[in-house]
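Let me begin by presenting the structure, written as structure tokens, before commenting on it.
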Amino acid sequence: MSAKSVISKEVFTPHDEKMLAACQVKRRTKKKIPFLATGGQGDYTTFICLAVTNKKPAHLSITKVKQFQGSSAFVKRSQWTIDQLRQINGIDSNKDCPEFDLVFDTALDQWVASSSGEKCTFIQILHHTCQRYCSTRKPEFLNCQAKLLGGHSILHSAADSVTSAVQKASQALNERGERLGRAEDRTADMMNSAEQFSVTAHKVRSPKHQKTTYASKTRV
């Protein structure tokens, strides 16, 4: 099981929350803290996680989760509501880069993601989620590539693919219906023609019609 799956299961699920995205990060400028909150020195891995509550109304949060060296457990270190998030700075709007900043009411975190792709995915999902859940003030997305904020995010692309498939299927059904309709019309015309021919042939062969024809010839 991946680290993100474990974080989702062990950190958020017990609190009736759903993790939407997670990005492994390191600080661009390290804080000068000689001792960790646990009372000792050591290395650790940090993830920035976006989560939403399962209960309505939904509440979004951004949580800093750490795993300390020598431990398999993931623990929450800091958490902010989405209303406390003021700005997401993508650093460079012209190219992919792993750096980004998160500006909160009382904090500024400057991060380097494990890869530019992981950072881009996190910002895409964060932007899409803010558009969906933030009804009043939304955080500012600064220096982010247009592809991360436009209508063709990962989530939108998946929805577009489904929509496209449905449209193609609907079009195929419509075209099939039109072909069947034309075939039915041709069949109906052929049946009408056959019926008319049958009626005419029957009249021609009937004895009454033959007698009338013979009498007409006799009088002449």
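Within each chain, counting starts at residue 1; across the structure tokens, chains are named A, B, ... in the order shown, with ligands numbered 1 upward in that order.
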Test item: residues at most 7 Å from Met19 of chain A, only C-alpha atoms, excluding those fewer than 2 positions along its chain, as a ChimeraX atom specification: /A:8,12,17,21,49-52
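Residue nearest Arg28 of chain A, chosen from A:Asp16, A:Asp189, A:Glu99, A:Glu10 and counting only C-alpha atoms: A:Glu99.
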Who sits within 7 Å of Thr46 of chain A, only C-alpha atoms, same chain under 3 positions skipped, as a ChimeraX atom specification: /A:24-26,64-67
Can you spit out the residues from that selection as a short mmCIF file (atom, residue, chain, number, x, y, z; two decimals), in the first residue's frame, using N, CA, C and O atoms?
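What ended up in part-v7.cif:
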data_model
loop_
_atom_site.label_atom_id
_atom_site.label_comp_id
_atom_site.auth_asym_id
_atom_site.auth_seq_id
_atom_site.Cartn_x
_atom_site.Cartn_y
_atom_site.Cartn_z
N GLN A 24 3.76 15.16 -1.65
CA GLN A 24 4.96 15.05 -0.81
C GLN A 24 5.84 16.26 -1.07
O GLN A 24 6.13 16.61 -2.22
N VAL A 25 6.28 16.90 0.01
CA VAL A 25 7.01 18.17 -0.12
C VAL A 25 8.22 18.24 0.81
O VAL A 25 8.34 17.46 1.77
N LYS A 26 9.08 19.19 0.49
CA LYS A 26 10.16 19.61 1.38
C LYS A 26 10.20 21.12 1.38
O LYS A 26 9.79 21.77 0.42
N LYS A 64 -1.10 19.27 7.23
CA LYS A 64 0.31 18.88 7.11
C LYS A 64 0.49 17.58 7.88
O LYS A 64 0.24 17.50 9.08
N VAL A 65 0.89 16.54 7.16
CA VAL A 65 1.07 15.22 7.76
C VAL A 65 2.54 14.82 7.68
O VAL A 65 3.16 14.98 6.62
N LYS A 66 3.06 14.29 8.77
CA LYS A 66 4.48 13.91 8.79
C LYS A 66 4.65 12.45 9.20
O LYS A 66 3.85 11.89 9.95
N GLN A 67 5.73 11.87 8.67
CA GLN A 67 6.17 10.54 9.09
C GLN A 67 7.63 10.66 9.51
O GLN A 67 8.49 10.98 8.69
#
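As for atom CA of His15 of chain A and atom CA of Phe141 of chain A, they are spaced 28.7 Å apart.
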Surrounding residues of Ser2 of chain A excluding itself and chain neighbours under 5 positions, 12 Å, only C-alpha atoms, as a CSV table (one decimal) with N, CA, C and O atoms, in the first residue's frame:
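As a result, part-v3.csv now contains:
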chain,number,residue,atom,x,y,z
A,7,ILE,N,-2.1,7.2,4.5
A,7,ILE,CA,-2.5,8.4,5.1
A,7,ILE,C,-4.0,8.6,5.0
A,7,ILE,O,-4.7,8.9,6.0
A,8,SER,N,-4.6,8.3,3.9
A,8,SER,CA,-6.0,8.4,3.7
A,8,SER,C,-6.8,7.5,4.7
A,8,SER,O,-7.7,7.9,5.4
A,9,LYS,N,-6.3,6.3,4.8
A,9,LYS,CA,-6.9,5.3,5.7
A,9,LYS,C,-6.7,5.5,7.2
A,9,LYS,O,-7.7,5.4,8.0
A,22,ALA,N,-2.9,14.6,-2.2
A,22,ALA,CA,-1.8,14.7,-1.3
A,22,ALA,C,-0.5,14.9,-2.1
A,22,ALA,O,-0.4,14.4,-3.2
A,72,SER,N,6.5,4.0,11.4
A,72,SER,CA,5.6,3.7,10.2
A,72,SER,C,4.3,4.5,10.3
A,72,SER,O,3.5,4.4,9.4
